[in-house]
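Structure below is run34.cif: mmCIF, C-alpha atoms.
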data_run
loop_
_atom_site.group_PDB
_atom_site.id
_atom_site.type_symbol
_atom_site.label_atom_id
_atom_site.label_comp_id
_atom_site.auth_asym_id
_atom_site.auth_seq_id
_atom_site.Cartn_x
_atom_site.Cartn_y
_atom_site.Cartn_z
ATOM 1 C CA MET T 123 52.898 63.447 14.327
ATOM 2 C CA ILE T 124 54.035 61.085 11.554
ATOM 3 C CA GLU T 125 55.308 62.951 8.519
ATOM 4 C CA LEU T 126 53.821 61.526 5.344
ATOM 5 C CA THR T 127 56.139 61.455 2.357
ATOM 6 C CA GLU T 128 55.080 62.139 -1.203
ATOM 7 C CA ASP T 129 56.209 58.621 -2.034
ATOM 8 C CA PHE T 130 53.654 57.220 0.425
ATOM 9 C CA LYS T 131 50.890 59.366 -1.077
ATOM 10 C CA VAL T 132 51.841 58.261 -4.594
ATOM 11 C CA LYS T 133 51.624 54.613 -3.517
ATOM 12 C CA VAL T 134 48.211 55.202 -1.913
ATOM 13 C CA LEU T 135 46.937 56.910 -5.081
ATOM 14 C CA ALA T 136 48.223 54.012 -7.185
ATOM 15 C CA ALA T 137 46.471 51.516 -4.889
ATOM 16 C CA LEU T 138 43.299 53.632 -5.043
ATOM 17 C CA THR T 139 43.422 53.563 -8.842
ATOM 18 C CA GLU T 140 43.804 49.773 -8.837
ATOM 19 C CA ALA T 141 40.910 49.471 -6.386
ATOM 20 C CA ARG T 142 38.730 51.591 -8.692
ATOM 21 C CA ASP T 143 39.461 49.196 -11.562
ATOM 22 C CA ARG T 144 38.107 46.330 -9.423
ATOM 23 C CA TYR T 145 34.860 48.088 -8.530
ATOM 24 C CA ASP T 146 32.022 48.301 -11.051
ATOM 25 C CA GLY T 147 29.963 50.910 -9.217
ATOM 26 C CA SER T 148 29.952 54.663 -9.844
ATOM 27 C CA ASP T 149 32.656 57.141 -8.773
ATOM 28 C CA ALA T 150 30.270 58.431 -6.113
ATOM 29 C CA ASN T 151 29.746 54.954 -4.669
ATOM 30 C CA PHE T 152 33.469 54.235 -4.859
ATOM 31 C CA ALA T 153 34.240 57.430 -2.913
ATOM 32 C CA LYS T 154 31.745 56.379 -0.220
ATOM 33 C CA LYS T 155 33.655 53.103 0.230
ATOM 34 C CA TYR T 156 36.661 55.084 1.418
ATOM 35 C CA GLY T 157 34.878 57.837 3.317
ATOM 36 C CA ILE T 158 35.704 60.685 0.957
ATOM 37 C CA SER T 159 33.495 62.944 -1.138
ATOM 38 C CA LYS T 160 33.106 62.557 -4.875
ATOM 39 C CA THR T 161 34.708 66.002 -5.331
ATOM 40 C CA VAL T 162 37.775 65.024 -3.306
ATOM 41 C CA TYR T 163 38.042 61.745 -5.189
ATOM 42 C CA SER T 164 37.911 63.623 -8.506
ATOM 43 C CA SER T 165 40.858 65.738 -7.354
ATOM 44 C CA LEU T 166 42.824 62.694 -6.213
ATOM 45 C CA LYS T 167 42.238 61.025 -9.591
ATOM 46 C CA LYS T 168 43.961 64.007 -11.196
ATOM 47 C CA GLY T 169 46.927 63.610 -8.848
ATOM 48 C CA GLU T 170 46.019 66.678 -6.783
ATOM 49 C CA THR T 171 47.012 65.786 -3.219
ATOM 50 C CA GLU T 172 47.871 69.083 -1.558
ATOM 51 C CA LYS T 173 45.518 69.685 1.394
ATOM 52 C CA LYS T 174 42.792 67.533 -0.117
ATOM 53 C CA ILE T 175 42.581 65.095 2.802
ATOM 54 C CA SER T 176 44.071 65.003 6.293
ATOM 55 C CA PRO T 177 47.194 63.019 7.277
ATOM 56 C CA ALA T 178 44.960 60.721 9.334
ATOM 57 C CA LYS T 179 42.854 60.018 6.239
ATOM 58 C CA TRP T 180 45.963 59.253 4.187
ATOM 59 C CA LEU T 181 46.993 56.731 6.817
ATOM 60 C CA GLU T 182 43.508 55.212 6.902
ATOM 61 C CA LEU T 183 43.469 54.862 3.116
ATOM 62 C CA GLY T 184 46.924 53.305 3.211
ATOM 63 C CA ARG T 185 45.823 50.783 5.827
ATOM 64 C CA VAL T 186 42.662 49.791 3.962
ATOM 65 C CA LEU T 187 44.467 49.574 0.624
ATOM 66 C CA GLY T 188 47.408 47.605 2.013
ATOM 67 C CA VAL T 189 50.002 50.378 1.671
ATOM 68 C CA SER T 190 52.348 50.460 4.655
ATOM 69 C CA LEU T 191 54.653 53.148 6.019
ATOM 70 C CA ASN T 192 57.001 50.385 7.125
ATOM 71 C CA GLU T 193 59.711 49.037 4.871
ATOM 72 C CA ARG T 194 58.817 45.413 5.617
ATOM 73 C CA LYS T 195 56.255 44.000 3.209
ATOM 74 C CA TRP T 196 54.788 40.613 4.050
ATOM 75 C CA ASN T 197 54.598 38.812 0.712
ATOM 76 C CA MET T 198 51.609 36.630 -0.099
ATOM 77 C CA ALA T 199 52.269 32.890 -0.046
ATOM 78 C CA ARG T 200 49.994 30.356 -1.702
ATOM 79 C CA THR T 201 49.541 28.225 1.381
ATOM 80 C CA ASP T 202 46.995 25.423 1.708
ATOM 81 C CA VAL T 203 44.875 27.857 3.736
ATOM 82 C CA PHE T 204 44.994 30.564 1.080
ATOM 83 C CA ASN T 205 44.232 28.135 -1.740
ATOM 84 C CA MET T 206 41.188 26.712 0.014
ATOM 85 C CA ILE T 207 39.768 30.127 0.911
ATOM 86 C CA GLU T 208 40.422 31.404 -2.608
ATOM 87 C CA ASP T 209 38.685 28.381 -4.172
ATOM 88 C CA ASP T 210 35.674 28.826 -1.872
ATOM 89 C CA VAL T 211 35.424 32.579 -2.443
ATOM 90 C CA VAL T 212 35.746 32.330 -6.229
ATOM 91 C CA PHE T 213 33.060 29.613 -6.329
ATOM 92 C CA CYS T 214 30.669 31.666 -4.173
ATOM 93 C CA LYS T 215 31.371 34.772 -6.235
ATOM 94 C CA GLU T 216 30.828 33.124 -9.620
ATOM 95 C CA PHE T 217 27.644 31.273 -8.692
ATOM 96 C CA GLY T 218 26.086 33.517 -6.017
ATOM 97 C CA LYS T 219 26.503 30.874 -3.299
ATOM 98 C CA SER T 220 27.454 30.989 0.399
ATOM 99 C CA MET T 221 29.922 29.061 2.536
ATOM 100 C CA MET T 222 31.548 29.079 5.973
ATOM 101 C CA PHE T 223 35.205 28.577 6.828
ATOM 102 C CA VAL T 224 35.776 27.788 10.513
ATOM 103 C CA ASP T 225 39.293 26.913 11.597
ATOM 104 C CA GLU T 226 42.189 27.609 13.961
ATOM 105 C CA CYS T 227 43.568 31.060 14.765
ATOM 106 C CA ALA T 228 46.810 32.378 13.249
ATOM 107 C CA ILE T 229 46.790 30.317 10.058
ATOM 108 C CA GLY T 230 46.322 33.235 7.654
ATOM 109 C CA LYS T 231 42.520 33.409 7.322
ATOM 110 C CA THR T 232 42.298 37.173 7.670
ATOM 111 C CA TYR T 233 45.365 37.856 5.528
ATOM 112 C CA SER T 234 43.898 35.676 2.765
ATOM 113 C CA ALA T 235 40.498 37.367 2.935
ATOM 114 C CA ARG T 236 41.970 40.882 2.879
ATOM 115 C CA TYR T 237 44.257 39.966 -0.010
ATOM 116 C CA LEU T 238 41.345 38.611 -2.038
ATOM 117 C CA SER T 239 39.280 41.724 -1.310
ATOM 118 C CA ARG T 240 42.127 43.791 -2.803
ATOM 119 C CA THR T 241 42.627 41.622 -5.880
ATOM 120 C CA LEU T 242 39.237 40.224 -6.948
ATOM 121 C CA LYS T 243 36.680 42.412 -8.673
ATOM 122 C CA ASN T 244 33.675 43.452 -6.569
ATOM 123 C CA CYS T 245 34.967 41.545 -3.538
ATOM 124 C CA PHE T 246 34.162 43.211 -0.205
ATOM 125 C CA TYR T 247 35.646 42.555 3.233
ATOM 126 C CA VAL T 248 33.958 43.219 6.598
ATOM 127 C CA ASP T 249 35.725 42.723 9.937
ATOM 128 C CA ALA T 250 32.869 41.772 12.260
ATOM 129 C CA SER T 251 35.023 42.294 15.365
ATOM 130 C CA GLN T 252 34.791 46.037 14.624
ATOM 131 C CA CYS T 253 31.015 46.126 14.086
ATOM 132 C CA ARG T 254 29.423 43.567 16.400
ATOM 133 C CA GLN T 255 26.082 45.260 16.976
ATOM 134 C CA GLU T 256 23.261 45.713 14.490
ATOM 135 C CA ARG T 257 23.611 49.426 13.690
ATOM 136 C CA ALA T 258 27.395 49.273 13.323
ATOM 137 C CA PHE T 259 27.200 46.142 11.184
ATOM 138 C CA ILE T 260 24.662 47.687 8.802
ATOM 139 C CA LYS T 261 26.802 50.792 8.319
ATOM 140 C CA GLU T 262 30.067 48.896 7.884
ATOM 141 C CA LEU T 263 28.532 46.573 5.309
ATOM 142 C CA ALA T 264 27.058 49.568 3.483
ATOM 143 C CA ARG T 265 30.377 51.433 3.529
ATOM 144 C CA SER T 266 32.311 48.426 2.259
ATOM 145 C CA VAL T 267 30.134 48.103 -0.864
ATOM 146 C CA GLY T 268 29.797 51.849 -1.504
ATOM 147 C CA ALA T 269 26.133 52.162 -0.506
ATOM 148 C CA GLU T 270 24.420 55.285 0.825
ATOM 149 C CA LEU T 271 25.158 55.967 4.502
ATOM 150 C CA GLU T 272 22.603 58.724 5.037
ATOM 151 C CA GLY T 273 18.974 58.205 6.075
ATOM 152 C CA THR T 274 17.308 55.614 8.270
ATOM 153 C CA LEU T 275 18.748 52.160 8.834
ATOM 154 C CA GLU T 276 16.064 50.796 6.525
ATOM 155 C CA ASP T 277 17.221 53.232 3.827
ATOM 156 C CA ILE T 278 20.847 52.131 4.298
ATOM 157 C CA LYS T 279 19.902 48.446 4.131
ATOM 158 C CA ALA T 280 17.881 49.016 0.965
ATOM 159 C CA SER T 281 20.782 50.906 -0.638
ATOM 160 C CA THR T 282 23.188 48.104 0.274
ATOM 161 C CA LYS T 283 20.975 45.403 -1.199
ATOM 162 C CA TYR T 284 20.481 47.488 -4.327
ATOM 163 C CA ILE T 285 24.244 47.867 -4.878
ATOM 164 C CA LEU T 286 24.851 44.143 -4.332
ATOM 165 C CA ASN T 287 22.057 43.242 -6.741
ATOM 166 C CA ILE T 288 23.272 45.453 -9.602
ATOM 167 C CA LEU T 289 27.017 44.758 -9.420
ATOM 168 C CA PRO T 290 28.223 41.850 -11.566
ATOM 169 C CA ARG T 291 29.065 38.821 -9.407
ATOM 170 C CA PRO T 292 29.823 40.519 -6.068
ATOM 171 C CA ILE T 293 31.047 38.639 -2.982
ATOM 172 C CA VAL T 294 31.017 39.735 0.670
ATOM 173 C CA ILE T 295 33.498 38.168 3.092
ATOM 174 C CA ILE T 296 32.475 38.447 6.761
ATOM 175 C CA ASP T 297 35.581 37.837 8.882
ATOM 176 C CA GLU T 298 35.441 37.149 12.642
ATOM 177 C CA ALA T 299 31.753 36.312 12.143
ATOM 178 C CA GLY T 300 31.564 34.740 15.607
ATOM 179 C CA CYS T 301 31.727 38.273 17.043
ATOM 180 C CA LEU T 302 28.375 39.252 15.554
ATOM 181 C CA SER T 303 25.442 39.683 17.909
ATOM 182 C CA TYR T 304 22.282 37.636 17.433
ATOM 183 C CA SER T 305 20.519 40.591 15.797
ATOM 184 C CA SER T 306 23.465 41.107 13.425
ATOM 185 C CA LEU T 307 23.353 37.442 12.399
ATOM 186 C CA GLN T 308 19.645 37.894 11.722
ATOM 187 C CA LEU T 309 20.578 40.819 9.481
ATOM 188 C CA LEU T 310 23.010 38.596 7.595
ATOM 189 C CA HIS T 311 20.104 36.230 7.046
ATOM 190 C CA GLU T 312 18.066 39.164 5.718
ATOM 191 C CA PHE T 313 20.841 40.341 3.380
ATOM 192 C CA TRP T 314 21.265 36.802 2.042
ATOM 193 C CA ASN T 315 17.542 36.621 1.265
ATOM 194 C CA GLY T 316 17.627 40.060 -0.344
ATOM 195 C CA THR T 317 20.504 39.173 -2.680
ATOM 196 C CA GLN T 318 19.820 35.487 -3.334
ATOM 197 C CA ASP T 319 21.630 34.099 -6.397
ATOM 198 C CA THR T 320 23.114 37.510 -7.256
ATOM 199 C CA CYS T 321 25.688 37.911 -4.471
ATOM 200 C CA GLY T 322 28.112 35.459 -2.883
ATOM 201 C CA TRP T 323 28.602 35.403 0.901
ATOM 202 C CA TYR T 324 31.522 33.900 2.829
ATOM 203 C CA MET T 325 31.638 33.727 6.635
ATOM 204 C CA MET T 326 34.932 33.096 8.397
ATOM 205 C CA GLY T 327 35.792 32.541 12.024
ATOM 206 C CA ALA T 328 37.320 30.303 14.666
ATOM 207 C CA ASP T 329 35.676 28.183 17.350
ATOM 208 C CA GLY T 330 33.537 31.108 18.509
ATOM 209 C CA LEU T 331 31.518 31.061 15.286
ATOM 210 C CA ARG T 332 30.942 27.311 15.403
ATOM 211 C CA THR T 333 29.973 27.468 19.087
ATOM 212 C CA LYS T 334 27.525 30.338 18.547
ATOM 213 C CA LEU T 335 25.764 28.622 15.656
ATOM 214 C CA GLN T 336 25.701 25.204 17.329
ATOM 215 C CA LYS T 337 24.264 26.610 20.551
ATOM 216 C CA GLY T 338 21.797 28.687 18.563
ATOM 217 C CA LYS T 339 20.575 25.634 16.670
ATOM 218 C CA GLY T 340 20.522 23.456 19.788
ATOM 219 C CA LYS T 341 19.793 24.881 23.221
ATOM 220 C CA SER T 342 18.168 28.144 22.178
ATOM 221 C CA LYS T 343 16.272 26.458 19.324
ATOM 222 C CA LYS T 344 16.112 29.774 17.458
ATOM 223 C CA GLN T 345 14.884 28.998 13.974
ATOM 224 C CA SER T 346 16.935 31.817 12.450
ATOM 225 C CA TYR T 347 20.183 30.033 13.386
ATOM 226 C CA LYS T 348 19.068 26.893 11.571
ATOM 227 C CA GLU T 349 17.992 28.905 8.548
ATOM 228 C CA LEU T 350 21.282 30.835 8.458
ATOM 229 C CA PHE T 351 23.283 27.609 8.787
ATOM 230 C CA SER T 352 21.303 26.113 5.919
ATOM 231 C CA ARG T 353 21.919 29.131 3.703
ATOM 232 C CA PHE T 354 25.663 28.812 4.313
ATOM 233 C CA SER T 355 25.781 25.237 2.978
ATOM 234 C CA SER T 356 25.129 23.526 6.358
ATOM 235 C CA LYS T 357 28.852 22.826 6.669
ATOM 236 C CA TYR T 358 31.939 24.242 8.376
ATOM 237 C CA ASN T 359 34.819 24.067 5.910
ATOM 238 C CA HIS T 360 38.278 23.712 7.494
ATOM 239 C CA VAL T 361 41.803 22.809 6.474
ATOM 240 C CA VAL T 362 43.787 22.127 9.697
ATOM 241 C CA PRO T 363 43.845 18.338 10.324
ATOM 242 C CA TYR T 364 42.505 16.905 13.593
ATOM 243 C CA ASN T 365 45.041 14.064 13.727
ATOM 244 C CA PRO T 366 48.042 15.209 15.881
ATOM 245 C CA SER T 367 50.787 14.011 13.545
ATOM 246 C CA GLU T 368 49.023 15.349 10.453
ATOM 247 C CA ARG T 369 48.431 18.587 12.336
ATOM 248 C CA MET T 370 52.157 18.946 13.041
ATOM 249 C CA ASP T 371 52.962 18.337 9.373
ATOM 250 C CA PHE T 372 50.366 20.922 8.367
ATOM 251 C CA TYR T 373 51.873 23.626 10.588
ATOM 252 C CA ARG T 374 55.402 22.784 9.449
ATOM 253 C CA LYS T 375 54.408 23.200 5.804
ATOM 254 C CA LEU T 376 52.296 26.320 6.491
ATOM 255 C CA ILE T 377 55.081 28.175 8.285
ATOM 256 C CA ARG T 378 57.705 27.107 5.766
ATOM 257 C CA ASP T 379 55.510 28.123 2.810
ATOM 258 C CA VAL T 380 55.034 31.626 4.214
ATOM 259 C CA LEU T 381 58.649 32.151 5.261
ATOM 260 C CA SER T 382 60.005 30.844 1.958
ATOM 261 C CA VAL T 383 58.655 33.911 0.097
ATOM 262 C CA ASN T 384 59.657 36.344 2.829
ATOM 263 C CA VAL T 385 63.075 35.201 4.017
ATOM 264 C CA ALA T 386 66.175 34.571 1.909
ATOM 265 C CA ASN T 387 68.186 32.924 4.688
ATOM 266 C CA ARG T 388 67.217 29.231 4.626
ATOM 267 C CA SER T 389 68.901 28.502 7.970
ATOM 268 C CA LEU T 390 66.742 31.209 9.567
ATOM 269 C CA ILE T 391 63.633 29.518 8.198
ATOM 270 C CA ASP T 392 64.673 26.182 9.698
ATOM 271 C CA ARG T 393 65.269 27.764 13.113
ATOM 272 C CA ILE T 394 61.909 29.541 13.134
ATOM 273 C CA VAL T 395 60.015 26.415 12.072
ATOM 274 C CA THR T 396 61.742 24.378 14.785
ATOM 275 C CA ARG T 397 60.967 26.922 17.502
ATOM 276 C CA CYS T 398 57.333 27.278 16.410
ATOM 277 C CA LEU T 399 56.712 23.542 16.400
ATOM 278 C CA ALA T 400 58.481 23.101 19.725
ATOM 279 C CA THR T 401 55.713 25.186 21.353
ATOM 280 C CA ASP T 402 52.867 23.344 19.647
ATOM 281 C CA SER T 403 50.544 21.997 22.316
ATOM 282 C CA GLN T 404 46.995 22.463 23.522
ATOM 283 C CA GLU T 405 48.190 25.198 25.874
ATOM 284 C CA ALA T 406 50.418 27.053 23.401
ATOM 285 C CA GLU T 407 49.243 26.677 19.823
ATOM 286 C CA THR T 408 51.695 27.668 17.174
ATOM 287 C CA GLY T 409 50.854 29.736 14.128
ATOM 288 C CA LEU T 410 51.900 32.467 11.735
ATOM 289 C CA ARG T 411 51.747 35.281 14.308
ATOM 290 C CA ARG T 412 54.416 33.541 16.381
ATOM 291 C CA ALA T 413 56.464 32.864 13.250
ATOM 292 C CA GLU T 414 56.379 36.553 12.306
ATOM 293 C CA SER T 415 57.397 37.609 15.823
ATOM 294 C CA LEU T 416 60.305 35.163 15.809
ATOM 295 C CA LEU T 417 61.400 36.416 12.401
ATOM 296 C CA ILE T 418 61.496 40.005 13.643
ATOM 297 C CA LEU T 419 63.477 39.004 16.740
ATOM 298 C CA MET T 420 65.992 36.897 14.830
ATOM 299 C CA GLU T 421 66.616 39.548 12.192
ATOM 300 C CA GLU T 422 67.482 42.218 14.766
#
Do you think you could lay out the structure here as structure tokens?
Amino acid sequence: MIELTEDFKVKVLAALTEARDRYDGSDANFAKKYGISKTVYSSLKKGETEKKISPAKWLELGRVLGVSLNERKWNMARTDVFNMIEDDVVFCKEFGKSMMFVDECAIGKTYSARYLSRTLKNCFYVDASQCRQERAFIKELARSVGAELEGTLEDIKASTKYILNILPRPIVIIDEAGCLSYSSLQLLHEFWNGTQDTCGWYMMGADGLRTKLQKGKGKSKKQSYKELFSRFSSKYNHVVPYNPSERMDFYRKLIRDVLSVNVANRSLIDRIVTRCLATDSQEAETGLRRAESLLILMEE
């Protein structure tokens, strides 16, 4: 079993305190977001950590709050991807609007969304790949915003809508949205209707999301797909260029931007960029995951 140090627990408590400052709901709702009781949260606020929660729960809190046991910390870089997602999310949040971002894998979409959910006030992140089906999606959305998890599914949905309607300028980011089942997408439609103009919504995904919505609007002719697409601005925002030469330039800048705030050795950056771009083809797309793997290998 991993031995948790006091230093790790202190960092988790500090991150929890920062997260509380970014959430305008009650202490009870905040505790629900992280799967702990209000009583336990009250103890943690006082710095009382001894036997209050299990080691597994400490690790879960650390993961959700971005506190790692590892020494390596991947610093945030203001890439073109991050800037576009941030601009979209802030707009949707401020004006209660909805957008979609559909683009290539391994360009930092998820990292950007998670970072924003940990830095913007009342910004909530849902990983749809972990809650594809209707029941799981309802509960994960409810948990993320601090809504009530007890009762019928209708009760949980009502509690979730209530929270999103009373918080000042909330935004929900649905990552990996292409993983959602048809019934879950219908639920997203319902939640949008139930929070219109009071809550921002931002769907993110890769080709799977575009394919699902296009097929839904076309071959299946399901009206709900058309209505959902309309509610999310009837447009797939993206940042990776389609032109091959522009695409290569984009990846070169993306990888260099990220490595420049994480690696001091400039020659190492040049080598990683060269190796990443050398594998760029339709069969072996490059991206930040490969860059991170190469960095780990070259630093050993």
What's around T:Ala228 at 9 Å? Count all atoms listed in the file, leave out sequence neighbours fewer than 3 positions away in its own chain, and write the answer as an mmCIF file with C-alpha atoms, keeping the file's coordinate frame.
data_model
loop_
_atom_site.group_PDB
_atom_site.id
_atom_site.type_symbol
_atom_site.label_atom_id
_atom_site.label_comp_id
_atom_site.auth_asym_id
_atom_site.auth_seq_id
_atom_site.Cartn_x
_atom_site.Cartn_y
_atom_site.Cartn_z
ATOM 1 C CA LYS T 231 42.520 33.409 7.322
ATOM 2 C CA THR T 232 42.298 37.173 7.670
ATOM 3 C CA THR T 408 51.695 27.668 17.174
ATOM 4 C CA GLY T 409 50.854 29.736 14.128
ATOM 5 C CA LEU T 410 51.900 32.467 11.735
ATOM 6 C CA ARG T 411 51.747 35.281 14.308
ATOM 7 C CA ARG T 412 54.416 33.541 16.381
#
Any chance you could tabulate, as CSV, the residues of stretch 296-328 of chain T at most 7 Å from stretch 251-269 of chain T with each one's nearest atom pair and distance in Å to one decimal, using all atoms listed in the file, in chain and rising number order?
residue,atom,partner,partner_atom,distance
T:Glu298,CA,T:Ser251,CA,5.8
T:Cys301,CA,T:Ser251,CA,5.5
T:Leu302,CA,T:Arg254,CA,4.5
T:Ser303,CA,T:Gln255,CA,5.7
T:Ser305,CA,T:Glu256,CA,6.0
T:Ser306,CA,T:Glu256,CA,4.7
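Selection by the PyMOL selection byres ((chain T and resi 384-389) around 12) on the present file picks out Arg194, Lys195, Trp196, Asn197, Met198, Ala199, Ile377, Arg378, Asp379, Val380, Leu381, Ser382, Val383, Leu390, Ile391, Asp392, Arg393, Ile394, Val395, Thr396, Ala413, Glu414, Leu417, Ile418, Met420 and Glu421 of chain T.
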Counting all atoms listed in the file, which residues in stretch 226-330 of chain T sit no more than 12 Å from stretch 208-222 of chain T? For each one, give the nearest pair of atoms and the distance in Å, sorted by chain then residue number, as JSON lines.
{"residue": "T:Gly230", "atom": "CA", "partner": "T:Glu208", "partner_atom": "CA", "distance": 12.0}
{"residue": "T:Lys231", "atom": "CA", "partner": "T:Glu208", "partner_atom": "CA", "distance": 10.3}
{"residue": "T:Thr232", "atom": "CA", "partner": "T:Glu208", "partner_atom": "CA", "distance": 11.9}
{"residue": "T:Tyr233", "atom": "CA", "partner": "T:Glu208", "partner_atom": "CA", "distance": 11.5}
{"residue": "T:Ser234", "atom": "CA", "partner": "T:Glu208", "partner_atom": "CA", "distance": 7.7}
{"residue": "T:Ala235", "atom": "CA", "partner": "T:Glu208", "partner_atom": "CA", "distance": 8.1}
{"residue": "T:Arg236", "atom": "CA", "partner": "T:Glu208", "partner_atom": "CA", "distance": 11.1}
{"residue": "T:Tyr237", "atom": "CA", "partner": "T:Glu208", "partner_atom": "CA", "distance": 9.7}
{"residue": "T:Leu238", "atom": "CA", "partner": "T:Glu208", "partner_atom": "CA", "distance": 7.3}
{"residue": "T:Ser239", "atom": "CA", "partner": "T:Val211", "partner_atom": "CA", "distance": 10.0}
{"residue": "T:Thr241", "atom": "CA", "partner": "T:Glu208", "partner_atom": "CA", "distance": 11.0}
{"residue": "T:Leu242", "atom": "CA", "partner": "T:Val212", "partner_atom": "CA", "distance": 8.7}
{"residue": "T:Lys243", "atom": "CA", "partner": "T:Lys215", "partner_atom": "CA", "distance": 9.6}
{"residue": "T:Asn244", "atom": "CA", "partner": "T:Lys215", "partner_atom": "CA", "distance": 9.0}
{"residue": "T:Cys245", "atom": "CA", "partner": "T:Lys215", "partner_atom": "CA", "distance": 8.1}
{"residue": "T:Phe246", "atom": "CA", "partner": "T:Lys215", "partner_atom": "CA", "distance": 10.7}
{"residue": "T:Tyr247", "atom": "CA", "partner": "T:Val211", "partner_atom": "CA", "distance": 11.5}
{"residue": "T:Leu286", "atom": "CA", "partner": "T:Gly218", "partner_atom": "CA", "distance": 10.8}
{"residue": "T:Asn287", "atom": "CA", "partner": "T:Gly218", "partner_atom": "CA", "distance": 10.6}
{"residue": "T:Leu289", "atom": "CA", "partner": "T:Lys215", "partner_atom": "CA", "distance": 11.3}
{"residue": "T:Pro290", "atom": "CA", "partner": "T:Glu216", "partner_atom": "CA", "distance": 9.3}
{"residue": "T:Arg291", "atom": "CA", "partner": "T:Lys215", "partner_atom": "CA", "distance": 5.6}
{"residue": "T:Pro292", "atom": "CA", "partner": "T:Lys215", "partner_atom": "CA", "distance": 6.0}
{"residue": "T:Ile293", "atom": "CA", "partner": "T:Lys215", "partner_atom": "CA", "distance": 5.1}
{"residue": "T:Val294", "atom": "CA", "partner": "T:Lys215", "partner_atom": "CA", "distance": 8.5}
{"residue": "T:Ile295", "atom": "CA", "partner": "T:Val211", "partner_atom": "CA", "distance": 8.1}
{"residue": "T:Ile296", "atom": "CA", "partner": "T:Met222", "partner_atom": "CA", "distance": 9.4}
{"residue": "T:Asp297", "atom": "CA", "partner": "T:Met222", "partner_atom": "CA", "distance": 10.1}
{"residue": "T:Glu298", "atom": "CA", "partner": "T:Met222", "partner_atom": "CA", "distance": 11.2}
{"residue": "T:Ala299", "atom": "CA", "partner": "T:Met222", "partner_atom": "CA", "distance": 9.5}
{"residue": "T:Gly300", "atom": "CA", "partner": "T:Met222", "partner_atom": "CA", "distance": 11.2}
{"residue": "T:Leu310", "atom": "CA", "partner": "T:Ser220", "partner_atom": "CA", "distance": 11.4}
{"residue": "T:His311", "atom": "CA", "partner": "T:Ser220", "partner_atom": "CA", "distance": 11.2}
{"residue": "T:Phe313", "atom": "CA", "partner": "T:Ser220", "partner_atom": "CA", "distance": 11.8}
{"residue": "T:Trp314", "atom": "CA", "partner": "T:Ser220", "partner_atom": "CA", "distance": 8.6}
{"residue": "T:Asn315", "atom": "CA", "partner": "T:Ser220", "partner_atom": "CA", "distance": 11.4}
{"residue": "T:Thr317", "atom": "CA", "partner": "T:Gly218", "partner_atom": "CA", "distance": 8.6}
{"residue": "T:Gln318", "atom": "CA", "partner": "T:Gly218", "partner_atom": "CA", "distance": 7.1}
{"residue": "T:Asp319", "atom": "CA", "partner": "T:Gly218", "partner_atom": "CA", "distance": 4.5}
{"residue": "T:Thr320", "atom": "CA", "partner": "T:Gly218", "partner_atom": "CA", "distance": 5.1}
{"residue": "T:Cys321", "atom": "CA", "partner": "T:Gly218", "partner_atom": "CA", "distance": 4.7}
{"residue": "T:Gly322", "atom": "CA", "partner": "T:Gly218", "partner_atom": "CA", "distance": 4.2}
{"residue": "T:Trp323", "atom": "CA", "partner": "T:Ser220", "partner_atom": "CA", "distance": 4.6}
{"residue": "T:Tyr324", "atom": "CA", "partner": "T:Met221", "partner_atom": "CA", "distance": 5.1}
{"residue": "T:Met325", "atom": "CA", "partner": "T:Met222", "partner_atom": "CA", "distance": 4.7}
{"residue": "T:Met326", "atom": "CA", "partner": "T:Met222", "partner_atom": "CA", "distance": 5.8}
{"residue": "T:Gly327", "atom": "CA", "partner": "T:Met222", "partner_atom": "CA", "distance": 8.2}
{"residue": "T:Ala328", "atom": "CA", "partner": "T:Met222", "partner_atom": "CA", "distance": 10.5}
List, as a PyMOL selection string, every residue that the PyMOL selection byres ((chain T and resi 142) around 12) selects in the file provided. chain T and resi 135-141+143-156+163+167+187+240-245+268
Just the number, please: distance in Å from atom CA of T:Glu270 to atom CA of T:Thr282, one decimal. 7.3 Å
